[in-house]
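Participant: I have a structure here, written as structure tokens, and I will follow up with some questions on it.
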Amino acid sequence: MGVEIQIEGLTKSFGKQLIWGDVTLTVPAGEICVMLGPSGTGKSVLLKTLIGLLKPDRGSVVIEGTDIATCSERELYEIRKLFGVLFQDGAMFGSMNLYDNVAFPLREHTKKSESEVRDIVMEKMELVGLVGAEDKLPGEISGGMRKRAGLARALVLDPEIVLFDEPDSGLDPVRTAFLNQLIVDLNAQIDATFLIVTHDINTARTVPDNIGLLYHRHLAMFGPREMLLSSEEPVVRQFLNAQRVGPIGMSEEKDADELAAEKDQELPPLPPIPLQLEPTNGQPRRSQRPPGDWCRANGVTPPPGSFEPAMSMTPGA
Ligand SMILES: Nc1ncnc2c1ncn2[C@@H]1O[C@H](COP(=O)(O)OP(=O)(O)OP(=O)(O)O)[C@@H](O)[C@H]1O
Ligand SMILES: [Mg+2]
């Protein structure tokens with residue numbers, strides 16, 4: 001069913017360097033969240049903190065009543081079983097074929113027989129469209145296939161939470177569109193909680209139920225997709241619309257002179273909010289809400305042209 005992650009007052013530094021402070025948000029059960037932020041704002045550090053690979057300085061990460069930040073090693077070991085993680089590069093073992101790579105967590109963490117392992121591996125390979133490629137080595141396949149193999153491996157233990165660190169980095173736009181569709185379909189099918197770190201604005205605009213933005217050592221905003229896509233808050237607006245005008249500069253922050261020079265520049269209007277990507281496997285998503293629902297409920301007028309079918313980006317459409 002997917003489980004909720006309650007993050008409260010989370011603060012992390014390395015030595016004197018504060019990465020982010022006082023991060024508070026709830027990742028809702030079964031929903032898809034995207035976390036954005038300029039390079040180096042600590043998105044990967046956040047994912048690692050959520051699975052207990054890094055210890056926060058302060059704050060809590062509560063999953064099914066257990067606080068990852070303070071629990072024992074033994075409890076952490078149990079909680080980790082709830083997670084599937086897709087690392088940025090797929091993190092495949094180069095000398096093992098895809099079959100053995102995907103089977104690895106099952107052989108490592110369960111006592112399943114080889115025939116049970118085979119059933120699960122083949123089911124997940126089919127889910128990500130890799131049947132027939134079992135014997136290939138990671139070095140022999142494309143980046144997109146490696147990502148899908150990484151995804152298959154992240155799914156073999158039937159996770160309740162799947163973390164994705166830049167699943168779309170290094171992929172061409174067409175493969176990114178297919179991967180995004182796969183993520184939405186998977187979410188509908190396995191109903192787990194998904195948290196995706198990405199730099200891809202189109203992914204952020206069309207895939208998730210909720211969006212968060214890490215900026216300047218804190219969580220600048222977190223909330224429903226429509227809330228962020230209609231937000232006038234300068235940092236959110238700049239980032240989600242990939243604009244140069246705004247507080248974010250090449251080296252993270254612009255200085256006072258640069259900002260003053262921009263003062264009179266008119267901001268381009270907010271682009272229309274696209275429709276959310278819907279599953280193509282005939283299974284509705286539990287968290288799917290009607291387009292414009294959040295805007296209506298909150299008295300926000302979406303930018304003109306929002307939620308028109310032409311704006312949706314569906315592979316093959
Ligand atoms: N184990 C570590 N020890 C010390 N500093 C670290 C460690 N891991 C990360 N950092 C620092 O934390 C900061 C955030 O790193 P992180 O990798 O989380 O950024 P990011 O937001 O994922 O960036 P990108 O978008 O480029 O992947 C960086 O300044 C990095 O140097
Ligand atoms: Mg990163």
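Every chain in the structure tokens takes a letter, A first, then B, and so on in the order presented; its residues are numbered from 1, and the ligands are numbered from 1 following the presented order.
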List all protein, DNA and RNA residues that have any atom at most 12 Å from ligand 2, counting only C-alpha atoms and all ligand atoms, and write the list as number ranges by chain.

Facilitator: A: 35-48, 87-89, 164-167, 169, 196-199, 214

Participant: Quick one: residues within 10 Å of Gly139 (chain A), only C-alpha atoms counted, chain neighbours fewer than 2 positions away excluded, as a ChimeraX atom specification?

Facilitator: /A:92-97,136-137,141-143,146

Participant: Tell me, as number ranges by chain, which residues lie within 9 Å of Ile79 (chain A), counting only C-alpha atoms; anything in the same chain fewer than 2 positions away does not count.

Facilitator: A: 51, 63-64, 66, 68, 74-77, 81-83

Participant: So, counting only C-alpha atoms and all ligand atoms, which residue among A:Val121, A:Ile7, A:Leu270, A:Leu54 is closest to ligand 1?

Facilitator: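 Nearest candidate to ligand 1 out of A:Val121, A:Ile7, A:Leu270, A:Leu54: A:Leu54.
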
Participant: Mind listing the strand (DSSP E) residues of region 24-270 of chain A, per DSSP on the backbone, as a PyMOL selection string?

Facilitator: chain A and resi 24-27+32-36+58-63+66-67+83-86+161-165+193-197+210-215+218-224+248-249+252-253

Participant: May I have the selected residues written with N, CA and C atoms, as a CSV table (one decimal), in the first residue's frame?

Facilitator:
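Below is the file that was written, selection34.csv:
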```
chain,number,residue,atom,x,y,z
A,24,THR,N,11.1,20.1,7.0
A,24,THR,CA,9.9,19.4,7.5
A,24,THR,C,8.9,19.1,6.3
A,25,LEU,N,8.6,17.9,6.1
A,25,LEU,CA,7.6,17.6,5.1
A,25,LEU,C,7.1,16.1,5.4
A,26,THR,N,5.9,15.9,4.8
A,26,THR,CA,5.4,14.5,4.9
A,26,THR,C,5.3,14.0,3.5
A,27,VAL,N,5.9,12.9,3.2
A,27,VAL,CA,5.8,12.2,1.9
A,27,VAL,C,4.6,11.3,2.0
A,32,ILE,N,3.4,10.1,-5.5
A,32,ILE,CA,4.7,10.4,-6.2
A,32,ILE,C,5.1,11.8,-5.8
A,33,CYS,N,6.3,12.0,-5.3
A,33,CYS,CA,6.8,13.3,-5.0
A,33,CYS,C,8.1,13.5,-5.8
A,34,VAL,N,8.3,14.7,-6.2
A,34,VAL,CA,9.5,15.0,-6.9
A,34,VAL,C,10.3,16.1,-6.0
A,35,MET,N,11.6,15.9,-5.8
A,35,MET,CA,12.4,16.9,-5.1
A,35,MET,C,13.3,17.5,-6.1
A,36,LEU,N,13.2,18.8,-6.2
A,36,LEU,CA,14.1,19.6,-7.1
A,36,LEU,C,15.1,20.4,-6.2
A,58,ARG,N,20.1,16.8,13.6
A,58,ARG,CA,18.9,17.0,14.4
A,58,ARG,C,17.7,16.6,13.6
A,59,GLY,N,16.5,16.4,14.3
A,59,GLY,CA,15.3,16.1,13.6
A,59,GLY,C,15.0,14.6,13.5
A,60,SER,N,13.9,14.3,12.9
A,60,SER,CA,13.4,12.9,12.8
A,60,SER,C,12.9,12.5,11.4
A,61,VAL,N,13.0,11.3,11.1
A,61,VAL,CA,12.4,10.7,9.9
A,61,VAL,C,11.6,9.5,10.4
A,62,VAL,N,10.3,9.6,10.5
A,62,VAL,CA,9.5,8.6,11.1
A,62,VAL,C,8.8,7.8,10.0
A,63,ILE,N,9.1,6.5,10.0
A,63,ILE,CA,8.4,5.5,9.1
A,63,ILE,C,7.8,4.4,9.9
A,66,THR,N,8.8,4.2,13.5
A,66,THR,CA,10.2,4.2,13.9
A,66,THR,C,11.0,5.4,13.4
A,67,ASP,N,11.8,6.0,14.2
A,67,ASP,CA,12.6,7.2,13.8
A,67,ASP,C,13.9,6.7,13.3
A,83,PHE,N,12.5,-0.3,1.6
A,83,PHE,CA,13.0,0.6,0.5
A,83,PHE,C,13.5,-0.1,-0.7
A,84,GLY,N,13.2,0.5,-1.8
A,84,GLY,CA,13.9,0.2,-3.1
A,84,GLY,C,14.6,1.4,-3.5
A,85,VAL,N,15.8,1.4,-3.9
A,85,VAL,CA,16.5,2.6,-4.3
A,85,VAL,C,17.1,2.4,-5.7
A,86,LEU,N,16.8,3.4,-6.5
A,86,LEU,CA,17.4,3.5,-7.9
A,86,LEU,C,18.5,4.5,-7.9
A,161,ILE,N,8.5,1.8,-0.4
A,161,ILE,CA,9.0,3.2,-0.7
A,161,ILE,C,10.0,3.0,-1.8
A,162,VAL,N,9.9,3.7,-2.9
A,162,VAL,CA,11.0,3.7,-3.9
A,162,VAL,C,11.6,5.1,-4.0
A,163,LEU,N,12.9,5.1,-3.8
A,163,LEU,CA,13.7,6.4,-4.0
A,163,LEU,C,14.4,6.4,-5.3
A,164,PHE,N,14.3,7.4,-6.1
A,164,PHE,CA,14.9,7.5,-7.4
A,164,PHE,C,15.9,8.7,-7.3
A,165,ASP,N,17.2,8.5,-7.5
A,165,ASP,CA,18.1,9.6,-7.6
A,165,ASP,C,18.4,9.9,-9.1
A,193,THR,N,5.1,4.3,-2.2
A,193,THR,CA,5.4,5.7,-2.1
A,193,THR,C,6.7,6.0,-3.0
A,194,PHE,N,6.6,6.9,-3.9
A,194,PHE,CA,7.7,7.2,-4.7
A,194,PHE,C,8.3,8.6,-4.4
A,195,LEU,N,9.6,8.7,-4.3
A,195,LEU,CA,10.3,10.0,-4.1
A,195,LEU,C,11.4,10.1,-5.2
A,196,ILE,N,11.2,11.1,-6.0
A,196,ILE,CA,12.1,11.2,-7.2
A,196,ILE,C,12.9,12.5,-7.1
A,197,VAL,N,14.2,12.4,-7.2
A,197,VAL,CA,15.1,13.5,-7.3
A,197,VAL,C,15.4,13.7,-8.8
A,210,ASN,N,3.1,15.7,-5.8
A,210,ASN,CA,3.7,16.8,-5.0
A,210,ASN,C,5.1,17.1,-5.4
A,211,ILE,N,5.5,18.4,-5.2
A,211,ILE,CA,6.8,18.8,-5.6
A,211,ILE,C,7.4,19.6,-4.4
A,212,GLY,N,8.7,19.3,-4.2
A,212,GLY,CA,9.5,20.1,-3.2
A,212,GLY,C,10.7,20.7,-3.9
A,213,LEU,N,11.1,21.8,-3.3
A,213,LEU,CA,12.3,22.5,-3.8
A,213,LEU,C,13.2,22.9,-2.7
A,214,LEU,N,14.4,22.3,-2.8
A,214,LEU,CA,15.5,22.6,-1.8
A,214,LEU,C,16.3,23.8,-2.4
A,215,TYR,N,16.5,24.8,-1.6
A,215,TYR,CA,17.2,25.9,-2.1
A,215,TYR,C,17.8,26.7,-0.9
A,218,HIS,N,17.6,25.3,2.7
A,218,HIS,CA,16.3,24.9,3.4
A,218,HIS,C,15.3,24.4,2.3
A,219,LEU,N,14.2,23.9,2.8
A,219,LEU,CA,13.2,23.5,1.9
A,219,LEU,C,12.3,24.7,1.6
A,220,ALA,N,12.5,25.2,0.4
A,220,ALA,CA,11.8,26.5,0.0
A,220,ALA,C,10.3,26.3,0.0
A,221,MET,N,9.9,25.2,-0.6
A,221,MET,CA,8.4,24.9,-0.7
A,221,MET,C,8.2,23.4,-0.9
A,222,PHE,N,7.1,22.9,-0.4
A,222,PHE,CA,6.7,21.6,-0.7
A,222,PHE,C,5.2,21.5,-0.7
A,223,GLY,N,4.6,20.9,-1.7
A,223,GLY,CA,3.2,20.9,-1.7
A,223,GLY,C,2.7,20.2,-3.0
A,224,PRO,N,1.3,20.3,-3.2
A,224,PRO,CA,0.8,19.7,-4.4
A,224,PRO,C,1.3,20.3,-5.7
A,248,ILE,N,18.1,32.7,-8.4
A,248,ILE,CA,19.1,31.7,-8.5
A,248,ILE,C,20.1,32.1,-9.7
A,249,GLY,N,21.4,32.1,-9.4
A,249,GLY,CA,22.4,32.4,-10.4
A,249,GLY,C,23.2,31.2,-10.7
A,252,GLU,N,24.8,29.3,-7.7
A,252,GLU,CA,23.6,29.2,-6.7
A,252,GLU,C,22.9,30.6,-6.4
A,253,GLU,N,23.6,31.6,-5.9
A,253,GLU,CA,22.9,32.8,-5.6
A,253,GLU,C,23.4,34.0,-6.3
```

Participant: In Å, how far is it from CA of Phe239 (chain A) to CA of Gly292 (chain A)?

Facilitator: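 These two atoms are separated by 21.3 Å.
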
Participant: Just list as a VMD selection string whatever in region 53-200 of chain A DSSP marks as helix (DSSP H, G or I).

Facilitator: chain A and resid 73 to 80 98 to 109 114 to 127 138 to 140 143 to 155 173 to 190

Participant: Restricted to C-alpha atoms, what would the selected residues look like written as a PDB file, in the first residue's frame?

Facilitator:
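What landed in out09.pdb:
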```pdb
ATOM      1  CA  GLU A  73      21.022  -0.726  13.842  1.00  0.00           C
ATOM      2  CA  ARG A  74      18.691  -3.686  14.083  1.00  0.00           C
ATOM      3  CA  GLU A  75      15.561  -1.560  13.601  1.00  0.00           C
ATOM      4  CA  LEU A  76      17.270   0.246  10.752  1.00  0.00           C
ATOM      5  CA  TYR A  77      17.997  -3.083   9.066  1.00  0.00           C
ATOM      6  CA  GLU A  78      14.296  -3.949   9.249  1.00  0.00           C
ATOM      7  CA  ILE A  79      13.112  -0.535   8.011  1.00  0.00           C
ATOM      8  CA  ARG A  80      15.546  -0.668   5.091  1.00  0.00           C
ATOM      9  CA  LEU A  98      21.352  -8.274 -15.804  1.00  0.00           C
ATOM     10  CA  TYR A  99      19.660 -11.374 -14.465  1.00  0.00           C
ATOM     11  CA  ASP A 100      22.207 -11.797 -11.667  1.00  0.00           C
ATOM     12  CA  ASN A 101      22.201  -8.069 -10.954  1.00  0.00           C
ATOM     13  CA  VAL A 102      18.439  -8.053 -10.500  1.00  0.00           C
ATOM     14  CA  ALA A 103      18.511 -11.307  -8.520  1.00  0.00           C
ATOM     15  CA  PHE A 104      21.221  -9.983  -6.195  1.00  0.00           C
ATOM     16  CA  PRO A 105      19.012  -8.478  -3.428  1.00  0.00           C
ATOM     17  CA  LEU A 106      16.878 -11.647  -3.347  1.00  0.00           C
ATOM     18  CA  ARG A 107      19.899 -13.914  -2.959  1.00  0.00           C
ATOM     19  CA  GLU A 108      21.403 -11.534  -0.412  1.00  0.00           C
ATOM     20  CA  HIS A 109      18.365 -10.787   1.763  1.00  0.00           C
ATOM     21  CA  GLU A 114      16.490 -20.333  -7.223  1.00  0.00           C
ATOM     22  CA  SER A 115      13.191 -21.142  -8.893  1.00  0.00           C
ATOM     23  CA  GLU A 116      11.374 -18.564  -6.738  1.00  0.00           C
ATOM     24  CA  VAL A 117      14.154 -16.086  -7.505  1.00  0.00           C
ATOM     25  CA  ARG A 118      13.691 -16.757 -11.216  1.00  0.00           C
ATOM     26  CA  ASP A 119       9.939 -16.084 -11.033  1.00  0.00           C
ATOM     27  CA  ILE A 120      10.441 -12.771  -9.268  1.00  0.00           C
ATOM     28  CA  VAL A 121      13.333 -11.637 -11.465  1.00  0.00           C
ATOM     29  CA  MET A 122      11.430 -12.442 -14.650  1.00  0.00           C
ATOM     30  CA  GLU A 123       8.303 -10.678 -13.365  1.00  0.00           C
ATOM     31  CA  LYS A 124      10.301  -7.510 -12.654  1.00  0.00           C
ATOM     32  CA  MET A 125      12.210  -7.745 -15.945  1.00  0.00           C
ATOM     33  CA  GLU A 126       8.888  -7.887 -17.707  1.00  0.00           C
ATOM     34  CA  LEU A 127       7.583  -4.928 -15.713  1.00  0.00           C
ATOM     35  CA  PRO A 138      25.580  -3.714 -17.986  1.00  0.00           C
ATOM     36  CA  GLY A 139      28.349  -2.436 -20.266  1.00  0.00           C
ATOM     37  CA  GLU A 140      26.634  -3.879 -23.325  1.00  0.00           C
ATOM     38  CA  GLY A 143      21.892   4.027 -20.472  1.00  0.00           C
ATOM     39  CA  GLY A 144      18.109   3.801 -20.660  1.00  0.00           C
ATOM     40  CA  MET A 145      18.212   0.020 -20.362  1.00  0.00           C
ATOM     41  CA  ARG A 146      20.617   0.270 -17.421  1.00  0.00           C
ATOM     42  CA  LYS A 147      18.185   2.581 -15.637  1.00  0.00           C
ATOM     43  CA  ARG A 148      15.367   0.136 -16.224  1.00  0.00           C
ATOM     44  CA  ALA A 149      17.517  -2.746 -14.971  1.00  0.00           C
ATOM     45  CA  GLY A 150      18.303  -0.662 -11.880  1.00  0.00           C
ATOM     46  CA  LEU A 151      14.582  -0.114 -11.449  1.00  0.00           C
ATOM     47  CA  ALA A 152      13.882  -3.852 -11.747  1.00  0.00           C
ATOM     48  CA  ARG A 153      16.477  -4.480  -9.056  1.00  0.00           C
ATOM     49  CA  ALA A 154      14.968  -1.765  -6.835  1.00  0.00           C
ATOM     50  CA  LEU A 155      11.614  -3.562  -7.088  1.00  0.00           C
ATOM     51  CA  PRO A 173      14.080  13.169 -24.176  1.00  0.00           C
ATOM     52  CA  VAL A 174      12.292  10.207 -25.731  1.00  0.00           C
ATOM     53  CA  ARG A 175      13.750   7.694 -23.266  1.00  0.00           C
ATOM     54  CA  THR A 176      12.984  10.127 -20.430  1.00  0.00           C
ATOM     55  CA  ALA A 177       9.357  10.254 -21.591  1.00  0.00           C
ATOM     56  CA  PHE A 178       9.169   6.449 -21.629  1.00  0.00           C
ATOM     57  CA  LEU A 179      10.815   6.198 -18.214  1.00  0.00           C
ATOM     58  CA  ASN A 180       8.384   8.749 -16.789  1.00  0.00           C
ATOM     59  CA  GLN A 181       5.465   6.769 -18.150  1.00  0.00           C
ATOM     60  CA  LEU A 182       6.967   3.616 -16.662  1.00  0.00           C
ATOM     61  CA  ILE A 183       7.248   5.329 -13.261  1.00  0.00           C
ATOM     62  CA  VAL A 184       3.602   6.429 -13.358  1.00  0.00           C
ATOM     63  CA  ASP A 185       2.446   2.975 -14.483  1.00  0.00           C
ATOM     64  CA  LEU A 186       4.513   1.282 -11.783  1.00  0.00           C
ATOM     65  CA  ASN A 187       3.143   3.554  -9.107  1.00  0.00           C
ATOM     66  CA  ALA A 188      -0.393   2.629 -10.153  1.00  0.00           C
ATOM     67  CA  GLN A 189       0.488  -1.041 -10.174  1.00  0.00           C
ATOM     68  CA  ILE A 190       2.512  -1.485  -6.978  1.00  0.00           C
TER      69      ILE A 190
END
```

Participant: Which residue is closest to Glu4 (chain A)? Choose from A:Asp191, A:Leu157, A:Gly299, A:Gln17 and count only C-alpha atoms.

Facilitator: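 Distance minimum relative to Glu4 (chain A) lands on A:Asp191.
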
Participant: Considering only C-alpha atoms and all ligand atoms, can you say which of A:Asp172, A:Glu134, A:Asp200, A:Gly246 comes closest to ligand 1?

Facilitator: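 Closest to ligand 1 of all the choices is A:Asp200.
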
Participant: For Glu278 (chain A), which residue among A:Pro234, A:Pro309, A:Gly15, A:Gly2 is the nearest when counting only C-alpha atoms?

Facilitator: A:Pro309

Participant: Taking into account only C-alpha atoms and all ligand atoms, which residue in the set A:Lys111, A:Pro159, A:Pro208, A:His216 is nearest to ligand 1?

Facilitator: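 Closest to ligand 1 of all the choices is A:His216.
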
Participant: One decimal, in Å: what's the spacing between CA of Pro304 (chain A) and CA of Pro272 (chain A)?

Facilitator: 5.9 Å

Participant: Between A:Gly30, A:Pro56, A:Gly282, A:Gly9, which is the closest to ligand 1 once you count only C-alpha atoms and all ligand atoms?

Facilitator: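 Of A:Gly30, A:Pro56, A:Gly282, A:Gly9, the one nearest ligand 1, counting only C-alpha atoms and all ligand atoms, is A:Pro56.
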
Participant: Which polymer residues have any atom within 12 Å of an atom of Gln243 (chain A), counting only C-alpha atoms, with same-chain residues fewer than 4 positions away left out, as a count of residues only?

Facilitator: 17
